[in-house]
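Structure file start-v7.cif (mmCIF, N, CA and C atoms) is printed below.
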data_upload
#
loop_
_atom_site.label_atom_id
_atom_site.label_comp_id
_atom_site.auth_asym_id
_atom_site.auth_seq_id
_atom_site.Cartn_x
_atom_site.Cartn_y
_atom_site.Cartn_z
N ALA Q 2 55.90 75.63 -81.19
CA ALA Q 2 56.06 74.80 -79.99
C ALA Q 2 55.51 75.56 -78.79
N ARG Q 3 54.88 74.81 -77.91
CA ARG Q 3 54.29 75.43 -76.72
C ARG Q 3 55.37 75.73 -75.68
N PRO Q 4 55.12 76.70 -74.81
CA PRO Q 4 56.08 76.97 -73.73
C PRO Q 4 56.17 75.76 -72.79
N LEU Q 5 57.37 75.45 -72.35
CA LEU Q 5 57.61 74.34 -71.44
C LEU Q 5 57.85 74.85 -70.03
N SER Q 6 57.53 74.01 -69.05
CA SER Q 6 57.84 74.28 -67.65
C SER Q 6 59.07 73.45 -67.31
N ILE Q 7 60.17 74.14 -66.92
CA ILE Q 7 61.46 73.47 -66.77
C ILE Q 7 62.12 73.84 -65.45
N PRO Q 8 62.34 72.85 -64.56
CA PRO Q 8 63.22 73.13 -63.44
C PRO Q 8 64.66 73.06 -63.93
N LEU Q 9 65.45 74.05 -63.57
CA LEU Q 9 66.86 74.11 -63.96
C LEU Q 9 67.68 73.96 -62.69
N VAL Q 10 68.50 72.91 -62.64
CA VAL Q 10 69.25 72.57 -61.44
C VAL Q 10 70.74 72.74 -61.71
N ASP Q 11 71.35 73.67 -60.99
CA ASP Q 11 72.80 73.88 -61.11
C ASP Q 11 73.25 74.58 -59.84
N ASN Q 12 74.29 74.06 -59.20
CA ASN Q 12 74.77 74.64 -57.95
C ASN Q 12 75.60 75.91 -58.18
N GLU Q 13 76.03 76.17 -59.40
CA GLU Q 13 76.79 77.39 -59.69
C GLU Q 13 75.82 78.48 -60.12
N GLU Q 14 75.63 79.46 -59.24
CA GLU Q 14 74.61 80.48 -59.46
C GLU Q 14 74.78 81.22 -60.79
N ILE Q 15 75.99 81.62 -61.13
CA ILE Q 15 76.19 82.40 -62.35
C ILE Q 15 75.80 81.58 -63.59
N VAL Q 16 76.10 80.29 -63.58
CA VAL Q 16 75.73 79.42 -64.70
C VAL Q 16 74.22 79.22 -64.72
N ARG Q 17 73.64 78.98 -63.54
CA ARG Q 17 72.19 78.74 -63.45
C ARG Q 17 71.40 79.95 -63.92
N VAL Q 18 71.79 81.12 -63.46
CA VAL Q 18 71.08 82.35 -63.83
C VAL Q 18 71.19 82.62 -65.33
N GLY Q 19 72.40 82.46 -65.88
CA GLY Q 19 72.60 82.69 -67.31
C GLY Q 19 71.83 81.70 -68.17
N THR Q 20 71.86 80.43 -67.76
CA THR Q 20 71.12 79.40 -68.51
C THR Q 20 69.62 79.64 -68.40
N ALA Q 21 69.16 79.99 -67.20
CA ALA Q 21 67.72 80.26 -67.00
C ALA Q 21 67.26 81.39 -67.91
N GLU Q 22 68.05 82.43 -68.03
CA GLU Q 22 67.68 83.56 -68.90
C GLU Q 22 67.62 83.15 -70.37
N MET Q 23 68.57 82.31 -70.79
CA MET Q 23 68.53 81.83 -72.18
C MET Q 23 67.24 81.05 -72.44
N ILE Q 24 66.87 80.20 -71.49
CA ILE Q 24 65.67 79.37 -71.66
C ILE Q 24 64.41 80.23 -71.60
N ARG Q 25 64.39 81.20 -70.69
CA ARG Q 25 63.24 82.11 -70.60
C ARG Q 25 63.08 82.93 -71.88
N ASP Q 26 64.20 83.34 -72.45
CA ASP Q 26 64.16 84.10 -73.71
C ASP Q 26 63.57 83.26 -74.86
N LEU Q 27 63.61 81.95 -74.71
CA LEU Q 27 63.01 81.05 -75.71
C LEU Q 27 61.50 80.92 -75.49
N GLY Q 28 61.00 81.51 -74.41
CA GLY Q 28 59.57 81.49 -74.13
C GLY Q 28 59.12 80.46 -73.11
N HIS Q 29 60.07 79.81 -72.44
CA HIS Q 29 59.73 78.77 -71.48
C HIS Q 29 59.73 79.32 -70.05
N LYS Q 30 59.03 78.61 -69.17
CA LYS Q 30 58.98 78.95 -67.75
C LYS Q 30 60.08 78.16 -67.05
N VAL Q 31 60.91 78.83 -66.26
CA VAL Q 31 62.02 78.18 -65.58
C VAL Q 31 61.88 78.36 -64.07
N GLU Q 32 62.03 77.26 -63.36
CA GLU Q 32 62.07 77.26 -61.90
C GLU Q 32 63.49 76.84 -61.52
N GLU Q 33 64.24 77.73 -60.90
CA GLU Q 33 65.63 77.45 -60.58
C GLU Q 33 65.76 76.70 -59.26
N ALA Q 34 66.74 75.79 -59.21
CA ALA Q 34 67.08 75.05 -57.99
C ALA Q 34 68.60 74.96 -57.91
N ASN Q 35 69.15 75.14 -56.70
CA ASN Q 35 70.61 75.13 -56.59
C ASN Q 35 71.18 73.75 -56.31
N GLY Q 36 70.34 72.72 -56.30
CA GLY Q 36 70.82 71.35 -56.11
C GLY Q 36 69.70 70.35 -56.28
N GLY Q 37 70.09 69.08 -56.28
CA GLY Q 37 69.13 68.01 -56.49
C GLY Q 37 68.05 67.94 -55.42
N ALA Q 38 68.43 68.11 -54.15
CA ALA Q 38 67.45 68.03 -53.07
C ALA Q 38 66.39 69.12 -53.22
N GLU Q 39 66.81 70.34 -53.57
CA GLU Q 39 65.85 71.42 -53.76
C GLU Q 39 64.92 71.12 -54.93
N ALA Q 40 65.46 70.59 -56.01
CA ALA Q 40 64.63 70.25 -57.17
C ALA Q 40 63.61 69.17 -56.81
N LEU Q 41 64.04 68.14 -56.10
CA LEU Q 41 63.13 67.06 -55.71
C LEU Q 41 62.04 67.57 -54.78
N ALA Q 42 62.40 68.49 -53.89
CA ALA Q 42 61.40 69.07 -52.99
C ALA Q 42 60.35 69.84 -53.77
N LYS Q 43 60.77 70.57 -54.78
CA LYS Q 43 59.82 71.32 -55.62
C LYS Q 43 58.90 70.37 -56.37
N LEU Q 44 59.45 69.28 -56.89
CA LEU Q 44 58.63 68.29 -57.58
C LEU Q 44 57.65 67.64 -56.61
N ALA Q 45 58.12 67.29 -55.42
CA ALA Q 45 57.26 66.67 -54.42
C ALA Q 45 56.16 67.64 -53.97
N GLY Q 46 56.46 68.94 -54.05
CA GLY Q 46 55.48 69.96 -53.67
C GLY Q 46 54.45 70.24 -54.74
N GLY Q 47 54.54 69.53 -55.86
CA GLY Q 47 53.52 69.66 -56.90
C GLY Q 47 53.93 70.47 -58.11
N LEU Q 48 55.19 70.86 -58.21
CA LEU Q 48 55.64 71.60 -59.39
C LEU Q 48 55.42 70.74 -60.63
N ALA Q 49 54.63 71.24 -61.56
CA ALA Q 49 54.38 70.53 -62.82
C ALA Q 49 55.49 70.89 -63.80
N VAL Q 50 56.11 69.88 -64.40
CA VAL Q 50 57.23 70.12 -65.31
C VAL Q 50 57.08 69.30 -66.58
N ASP Q 51 57.73 69.80 -67.63
CA ASP Q 51 57.78 69.09 -68.90
C ASP Q 51 59.12 68.41 -69.12
N ILE Q 52 60.19 69.06 -68.65
CA ILE Q 52 61.57 68.60 -68.82
C ILE Q 52 62.34 69.03 -67.58
N VAL Q 53 63.28 68.21 -67.13
CA VAL Q 53 64.21 68.62 -66.08
C VAL Q 53 65.56 68.85 -66.74
N VAL Q 54 66.17 70.00 -66.48
CA VAL Q 54 67.50 70.31 -66.97
C VAL Q 54 68.41 70.40 -65.75
N THR Q 55 69.47 69.59 -65.73
CA THR Q 55 70.35 69.56 -64.56
C THR Q 55 71.81 69.48 -64.94
N ASP Q 56 72.62 70.13 -64.11
CA ASP Q 56 74.06 69.97 -64.21
C ASP Q 56 74.39 68.55 -63.79
N TYR Q 57 75.53 68.05 -64.22
CA TYR Q 57 75.95 66.71 -63.82
C TYR Q 57 76.74 66.76 -62.52
N LYS Q 58 77.82 67.50 -62.48
CA LYS Q 58 78.71 67.51 -61.32
C LYS Q 58 78.24 68.56 -60.31
N MET Q 59 77.60 68.08 -59.24
CA MET Q 59 77.14 68.94 -58.15
C MET Q 59 77.45 68.23 -56.84
N PRO Q 60 77.65 68.98 -55.77
CA PRO Q 60 77.90 68.33 -54.48
C PRO Q 60 76.63 67.65 -53.95
N ARG Q 61 76.81 66.68 -53.10
CA ARG Q 61 75.76 65.92 -52.41
C ARG Q 61 74.95 65.03 -53.34
N MET Q 62 74.36 65.55 -54.40
CA MET Q 62 73.59 64.73 -55.34
C MET Q 62 73.92 65.19 -56.75
N ASP Q 63 74.56 64.31 -57.52
CA ASP Q 63 74.91 64.71 -58.89
C ASP Q 63 73.71 64.53 -59.82
N GLY Q 64 73.89 64.95 -61.05
CA GLY Q 64 72.80 64.90 -62.01
C GLY Q 64 72.33 63.50 -62.35
N ALA Q 65 73.23 62.51 -62.28
CA ALA Q 65 72.83 61.13 -62.55
C ALA Q 65 71.89 60.63 -61.46
N GLU Q 66 72.22 60.92 -60.20
CA GLU Q 66 71.35 60.52 -59.09
C GLU Q 66 70.02 61.26 -59.14
N LEU Q 67 70.06 62.54 -59.45
CA LEU Q 67 68.82 63.30 -59.59
C LEU Q 67 67.95 62.69 -60.69
N THR Q 68 68.56 62.34 -61.80
CA THR Q 68 67.82 61.72 -62.91
C THR Q 68 67.16 60.41 -62.45
N ARG Q 69 67.90 59.58 -61.74
CA ARG Q 69 67.36 58.32 -61.23
C ARG Q 69 66.14 58.58 -60.35
N ARG Q 70 66.24 59.54 -59.47
CA ARG Q 70 65.14 59.83 -58.54
C ARG Q 70 63.93 60.44 -59.26
N VAL Q 71 64.19 61.29 -60.24
CA VAL Q 71 63.10 61.87 -61.01
C VAL Q 71 62.35 60.76 -61.74
N ARG Q 72 63.09 59.83 -62.31
CA ARG Q 72 62.46 58.72 -63.05
C ARG Q 72 61.63 57.82 -62.14
N GLU Q 73 62.04 57.71 -60.87
CA GLU Q 73 61.27 56.91 -59.92
C GLU Q 73 59.94 57.58 -59.59
N THR Q 74 59.96 58.88 -59.40
CA THR Q 74 58.77 59.60 -58.94
C THR Q 74 57.95 60.21 -60.07
N HIS Q 75 58.59 60.50 -61.18
CA HIS Q 75 57.92 61.15 -62.32
C HIS Q 75 58.35 60.49 -63.63
N PRO Q 76 58.00 59.21 -63.80
CA PRO Q 76 58.41 58.53 -65.03
C PRO Q 76 57.84 59.25 -66.26
N GLY Q 77 58.62 59.27 -67.30
CA GLY Q 77 58.15 59.92 -68.52
C GLY Q 77 58.61 61.35 -68.68
N ILE Q 78 59.12 61.96 -67.61
CA ILE Q 78 59.64 63.33 -67.74
C ILE Q 78 61.08 63.22 -68.24
N PRO Q 79 61.37 63.80 -69.38
CA PRO Q 79 62.74 63.74 -69.91
C PRO Q 79 63.69 64.60 -69.08
N VAL Q 80 64.94 64.18 -69.06
CA VAL Q 80 65.99 64.89 -68.34
C VAL Q 80 67.12 65.21 -69.31
N LEU Q 81 67.58 66.45 -69.27
CA LEU Q 81 68.74 66.88 -70.07
C LEU Q 81 69.86 67.24 -69.11
N LEU Q 82 71.01 66.59 -69.28
CA LEU Q 82 72.19 66.95 -68.49
C LEU Q 82 72.96 68.04 -69.22
N ILE Q 83 73.32 69.08 -68.48
CA ILE Q 83 74.22 70.10 -69.01
C ILE Q 83 75.51 69.96 -68.22
N THR Q 84 76.62 69.81 -68.90
CA THR Q 84 77.83 69.50 -68.16
C THR Q 84 79.09 69.95 -68.87
N GLY Q 85 80.05 70.34 -68.07
CA GLY Q 85 81.39 70.61 -68.56
C GLY Q 85 82.31 69.45 -68.26
N TYR Q 86 81.80 68.42 -67.58
CA TYR Q 86 82.59 67.26 -67.19
C TYR Q 86 82.95 66.44 -68.42
N THR Q 87 84.22 66.11 -68.54
CA THR Q 87 84.68 65.34 -69.70
C THR Q 87 85.28 63.99 -69.32
N GLY Q 88 85.31 63.68 -68.03
CA GLY Q 88 85.88 62.42 -67.59
C GLY Q 88 84.97 61.24 -67.88
N PRO Q 89 85.49 60.03 -67.68
CA PRO Q 89 84.70 58.83 -67.96
C PRO Q 89 83.66 58.57 -66.87
N THR Q 90 82.51 58.12 -67.29
CA THR Q 90 81.48 57.66 -66.36
C THR Q 90 80.45 56.83 -67.11
N ASP Q 91 80.07 55.72 -66.53
CA ASP Q 91 79.07 54.86 -67.15
C ASP Q 91 77.65 55.33 -66.83
N GLU Q 92 77.50 56.06 -65.73
CA GLU Q 92 76.14 56.38 -65.27
C GLU Q 92 75.42 57.40 -66.14
N ILE Q 93 76.13 58.12 -67.00
CA ILE Q 93 75.45 59.10 -67.85
C ILE Q 93 75.62 58.82 -69.33
N VAL Q 94 76.19 57.68 -69.67
CA VAL Q 94 76.50 57.39 -71.06
C VAL Q 94 75.28 57.43 -71.97
N ASN Q 95 74.11 57.03 -71.47
CA ASN Q 95 72.91 57.01 -72.31
C ASN Q 95 71.97 58.18 -72.07
N LEU Q 96 72.39 59.14 -71.30
CA LEU Q 96 71.51 60.28 -71.03
C LEU Q 96 71.75 61.40 -72.03
N PRO Q 97 70.69 62.06 -72.46
CA PRO Q 97 70.87 63.22 -73.34
C PRO Q 97 71.64 64.30 -72.59
N ARG Q 98 72.60 64.90 -73.26
CA ARG Q 98 73.39 65.93 -72.59
C ARG Q 98 73.83 67.00 -73.56
N LEU Q 99 74.14 68.12 -72.96
CA LEU Q 99 74.62 69.27 -73.70
C LEU Q 99 75.89 69.74 -73.01
N ALA Q 100 76.97 69.83 -73.78
CA ALA Q 100 78.26 70.22 -73.22
C ALA Q 100 78.32 71.72 -72.97
N LYS Q 101 78.83 72.08 -71.79
CA LYS Q 101 79.09 73.48 -71.47
C LYS Q 101 80.44 73.84 -72.06
N PRO Q 102 80.66 75.03 -72.51
CA PRO Q 102 79.69 76.12 -72.61
C PRO Q 102 78.81 75.94 -73.84
N PHE Q 103 77.61 76.48 -73.77
CA PHE Q 103 76.68 76.42 -74.89
C PHE Q 103 75.96 77.74 -74.99
N GLY Q 104 75.35 77.96 -76.15
CA GLY Q 104 74.58 79.17 -76.37
C GLY Q 104 73.10 78.85 -76.46
N GLN Q 105 72.32 79.88 -76.70
CA GLN Q 105 70.87 79.74 -76.76
C GLN Q 105 70.43 78.81 -77.89
N THR Q 106 71.10 78.88 -79.02
CA THR Q 106 70.75 78.00 -80.15
C THR Q 106 70.94 76.54 -79.78
N GLU Q 107 72.04 76.24 -79.10
CA GLU Q 107 72.32 74.85 -78.72
C GLU Q 107 71.32 74.32 -77.68
N ILE Q 108 70.98 75.14 -76.70
CA ILE Q 108 70.03 74.64 -75.69
C ILE Q 108 68.63 74.53 -76.28
N ALA Q 109 68.28 75.42 -77.19
CA ALA Q 109 66.98 75.31 -77.87
C ALA Q 109 66.90 74.00 -78.64
N ALA Q 110 67.95 73.65 -79.36
CA ALA Q 110 67.98 72.41 -80.13
C ALA Q 110 67.95 71.19 -79.22
N ALA Q 111 68.68 71.26 -78.10
CA ALA Q 111 68.70 70.13 -77.17
C ALA Q 111 67.32 69.91 -76.54
N LEU Q 112 66.65 70.98 -76.17
CA LEU Q 112 65.31 70.86 -75.59
C LEU Q 112 64.33 70.31 -76.62
N ALA Q 113 64.39 70.82 -77.84
CA ALA Q 113 63.51 70.34 -78.90
C ALA Q 113 63.79 68.87 -79.20
N GLY Q 114 65.05 68.47 -79.15
CA GLY Q 114 65.43 67.10 -79.44
C GLY Q 114 64.86 66.10 -78.45
N LEU Q 115 64.55 66.54 -77.26
CA LEU Q 115 63.96 65.63 -76.27
C LEU Q 115 62.57 65.19 -76.66
N PHE Q 116 61.91 65.96 -77.51
CA PHE Q 116 60.55 65.64 -77.91
C PHE Q 116 60.43 65.13 -79.34
N THR Q 117 61.54 65.11 -80.10
CA THR Q 117 61.44 64.72 -81.50
C THR Q 117 62.07 63.37 -81.81
N ASP Q 118 62.86 62.84 -80.89
CA ASP Q 118 63.56 61.59 -81.16
C ASP Q 118 62.87 60.45 -80.43
N ASP Q 119 62.19 59.56 -81.17
CA ASP Q 119 61.44 58.46 -80.57
C ASP Q 119 62.35 57.49 -79.79
N ASP Q 120 63.62 57.43 -80.15
CA ASP Q 120 64.54 56.52 -79.47
C ASP Q 120 65.31 57.21 -78.35
N ASN Q 121 64.89 58.42 -78.00
CA ASN Q 121 65.62 59.20 -77.02
C ASN Q 121 65.53 58.57 -75.63
N PRO Q 122 66.67 58.28 -75.00
CA PRO Q 122 66.66 57.68 -73.67
C PRO Q 122 66.14 58.63 -72.60
N ALA Q 123 65.87 59.87 -72.95
CA ALA Q 123 65.31 60.80 -71.97
C ALA Q 123 63.95 60.31 -71.49
N PHE Q 124 63.29 59.50 -72.31
CA PHE Q 124 61.96 59.02 -71.94
C PHE Q 124 62.01 57.60 -71.36
N ALA Q 125 63.19 57.01 -71.26
CA ALA Q 125 63.32 55.63 -70.77
C ALA Q 125 62.98 55.52 -69.31
#
Show how you would write the structure in this file as structure tokens.
Amino acid sequence: ARPLSIPLVDNEEIVRVGTAEMIRDLGHKVEEANGGAEALAKLAGGLAVDIVVTDYKMPRMDGAELTRRVRETHPGIPVLLITGYTGPTDEIVNLPRLAKPFGQTEIAAALAGLFTDDDNPAFA
């Protein structure tokens, strides 16, 4: 598999840094953002990406809203939600997600799954 360019969006620095290192160790390029607005600014500035990985529960703009905006401006880019949130919500029911905490094996499988499942809503 070729190296991917991935913006990683998480407002919790310790989680973002640890997740970024796991993804980099898999051979991918990671651009970190501490929130949705920063990630959107990077995309608007021309950052080329293959997948967006975002936390769900963040202040100001959650991962569902970020996903909606990414799909408006960059249709076809898959989004993976990483979340520890276990409460009910309809807005993320069909989005690919990975439950926190996770390890490198789990995130590698989740990233690979975005490109192998033809019915994956990440591409919707």
*Quick one: pick out all helix (DSSP H, G or I) residues within chain Q from a backbone DSSP run and write them as an MDAnalysis selection string.*
chainID Q and resid 14:26 37:45 64:74 105:117 122:124
*Which residues, written as a ChimeraX atom specification, have at least one atom at most 10 Å from region 104-113 of chain Q, with only C-alpha atoms counted and residues fewer than 4 positions away on the same chain left out?*
/Q:2,5,7,19-20,22-24,26-27,52-54,79-83,97-100,117-118
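Ranking Q:Asp51, Q:Arg61, Q:Glu39, Q:Arg3 by their shortest atom-to-atom distance to Pro76 (chain Q), with only C-alpha atoms included, puts Q:Asp51 first.
Between atom N of Asn35 (chain Q) and CA of Lys58 (chain Q) the separation is 13.1 Å.
Near Ala65 (chain Q), within a cut-off of 8 Å and counting only N, CA and C atoms, sit the residues Thr55, Asp56, Tyr57, Lys58, Met59, Arg70, Val71, Leu82, Glu92 and Ile93 of chain Q, with same-chain residues fewer than 5 positions away left out.
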Just list the residues in chain Q DSSP gives strand (DSSP E or B) on the backbone, as a PDB file with N, CA and C atoms, keeping the file's coordinate frame.
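Contents of the output file result.pdb:
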ATOM      1  N   SER Q   6      57.530  74.010 -69.050  1.00  0.00           N
ATOM      2  CA  SER Q   6      57.840  74.280 -67.650  1.00  0.00           C
ATOM      3  C   SER Q   6      59.070  73.450 -67.310  1.00  0.00           C
ATOM      4  N   ILE Q   7      60.170  74.140 -66.920  1.00  0.00           N
ATOM      5  CA  ILE Q   7      61.460  73.470 -66.770  1.00  0.00           C
ATOM      6  C   ILE Q   7      62.120  73.840 -65.450  1.00  0.00           C
ATOM      7  N   PRO Q   8      62.340  72.850 -64.560  1.00  0.00           N
ATOM      8  CA  PRO Q   8      63.220  73.130 -63.440  1.00  0.00           C
ATOM      9  C   PRO Q   8      64.660  73.060 -63.930  1.00  0.00           C
ATOM     10  N   LEU Q   9      65.450  74.050 -63.570  1.00  0.00           N
ATOM     11  CA  LEU Q   9      66.860  74.110 -63.960  1.00  0.00           C
ATOM     12  C   LEU Q   9      67.680  73.960 -62.690  1.00  0.00           C
ATOM     13  N   VAL Q  10      68.500  72.910 -62.640  1.00  0.00           N
ATOM     14  CA  VAL Q  10      69.250  72.570 -61.440  1.00  0.00           C
ATOM     15  C   VAL Q  10      70.740  72.740 -61.710  1.00  0.00           C
ATOM     16  N   LYS Q  30      59.030  78.610 -69.170  1.00  0.00           N
ATOM     17  CA  LYS Q  30      58.980  78.950 -67.750  1.00  0.00           C
ATOM     18  C   LYS Q  30      60.080  78.160 -67.050  1.00  0.00           C
ATOM     19  N   VAL Q  31      60.910  78.830 -66.260  1.00  0.00           N
ATOM     20  CA  VAL Q  31      62.020  78.180 -65.580  1.00  0.00           C
ATOM     21  C   VAL Q  31      61.880  78.360 -64.070  1.00  0.00           C
ATOM     22  N   GLU Q  32      62.030  77.260 -63.360  1.00  0.00           N
ATOM     23  CA  GLU Q  32      62.070  77.260 -61.900  1.00  0.00           C
ATOM     24  C   GLU Q  32      63.490  76.840 -61.520  1.00  0.00           C
ATOM     25  N   GLU Q  33      64.240  77.730 -60.900  1.00  0.00           N
ATOM     26  CA  GLU Q  33      65.630  77.450 -60.580  1.00  0.00           C
ATOM     27  C   GLU Q  33      65.760  76.700 -59.260  1.00  0.00           C
ATOM     28  N   ALA Q  34      66.740  75.790 -59.210  1.00  0.00           N
ATOM     29  CA  ALA Q  34      67.080  75.050 -57.990  1.00  0.00           C
ATOM     30  C   ALA Q  34      68.600  74.960 -57.910  1.00  0.00           C
ATOM     31  N   VAL Q  53      63.280  68.210 -67.130  1.00  0.00           N
ATOM     32  CA  VAL Q  53      64.210  68.620 -66.080  1.00  0.00           C
ATOM     33  C   VAL Q  53      65.560  68.850 -66.740  1.00  0.00           C
ATOM     34  N   VAL Q  54      66.170  70.000 -66.480  1.00  0.00           N
ATOM     35  CA  VAL Q  54      67.500  70.310 -66.970  1.00  0.00           C
ATOM     36  C   VAL Q  54      68.410  70.400 -65.750  1.00  0.00           C
ATOM     37  N   THR Q  55      69.470  69.590 -65.730  1.00  0.00           N
ATOM     38  CA  THR Q  55      70.350  69.560 -64.560  1.00  0.00           C
ATOM     39  C   THR Q  55      71.810  69.480 -64.940  1.00  0.00           C
ATOM     40  N   ASP Q  56      72.620  70.130 -64.110  1.00  0.00           N
ATOM     41  CA  ASP Q  56      74.060  69.970 -64.210  1.00  0.00           C
ATOM     42  C   ASP Q  56      74.390  68.550 -63.790  1.00  0.00           C
ATOM     43  N   VAL Q  80      64.940  64.180 -69.060  1.00  0.00           N
ATOM     44  CA  VAL Q  80      65.990  64.890 -68.340  1.00  0.00           C
ATOM     45  C   VAL Q  80      67.120  65.210 -69.310  1.00  0.00           C
ATOM     46  N   LEU Q  81      67.580  66.450 -69.270  1.00  0.00           N
ATOM     47  CA  LEU Q  81      68.740  66.880 -70.070  1.00  0.00           C
ATOM     48  C   LEU Q  81      69.860  67.240 -69.110  1.00  0.00           C
ATOM     49  N   LEU Q  82      71.010  66.590 -69.280  1.00  0.00           N
ATOM     50  CA  LEU Q  82      72.190  66.950 -68.490  1.00  0.00           C
ATOM     51  C   LEU Q  82      72.960  68.040 -69.220  1.00  0.00           C
ATOM     52  N   ILE Q  83      73.320  69.080 -68.480  1.00  0.00           N
ATOM     53  CA  ILE Q  83      74.220  70.100 -69.010  1.00  0.00           C
ATOM     54  C   ILE Q  83      75.510  69.960 -68.220  1.00  0.00           C
ATOM     55  N   THR Q  84      76.620  69.810 -68.900  1.00  0.00           N
ATOM     56  CA  THR Q  84      77.830  69.500 -68.160  1.00  0.00           C
ATOM     57  C   THR Q  84      79.090  69.950 -68.870  1.00  0.00           C
ATOM     58  N   ARG Q  98      72.600  64.900 -73.260  1.00  0.00           N
ATOM     59  CA  ARG Q  98      73.390  65.930 -72.590  1.00  0.00           C
ATOM     60  C   ARG Q  98      73.830  67.000 -73.560  1.00  0.00           C
ATOM     61  N   LEU Q  99      74.140  68.120 -72.960  1.00  0.00           N
ATOM     62  CA  LEU Q  99      74.620  69.270 -73.700  1.00  0.00           C
ATOM     63  C   LEU Q  99      75.890  69.740 -73.010  1.00  0.00           C
ATOM     64  N   ALA Q 100      76.970  69.830 -73.780  1.00  0.00           N
ATOM     65  CA  ALA Q 100      78.260  70.220 -73.220  1.00  0.00           C
ATOM     66  C   ALA Q 100      78.320  71.720 -72.970  1.00  0.00           C
TER      67      ALA Q 100
END
_Reference answer for the PyMOL selection byres ((chain Q and resi 9) around 5), as a list of chain:residue names_ = Q:Ile7, Q:Pro8, Q:Val10, Q:Asp11, Q:Glu32, Q:Glu33, Q:Ala34, Q:Val54
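Proximity of Q:Asn12, Q:Val18, Q:Pro4, Q:Leu44 to Lys30 (chain Q), computed with only C-alpha atoms, is greatest for Q:Pro4.
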Extending 8 Å beyond the listed atoms of region 49-62 of chain Q on each side, what axis-aligned box results? I want centre and edge lengths in Å to one decimal, as lines of an AutoDock Vina configuration file.
center_x = 66.5
center_y = 68.0
center_z = -60.8
size_x = 40.3
size_y = 22.5
size_z = 32.7
*What is the atom C of Met62 (chain Q) to atom N of Gly37 (chain Q) distance in Å?*
5.5 Å
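Each of Q:Gly77, Q:Gly85, Q:Gly64, Q:Gly114 was checked against Val50 (chain Q) using only C-alpha atoms; the smallest atom-to-atom distance is that of Q:Gly77.
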*Take CA of Ala40 (chain Q) and atom C of Ile15 (chain Q) and report the distance between them in Å, one decimal.*
17.2 Å
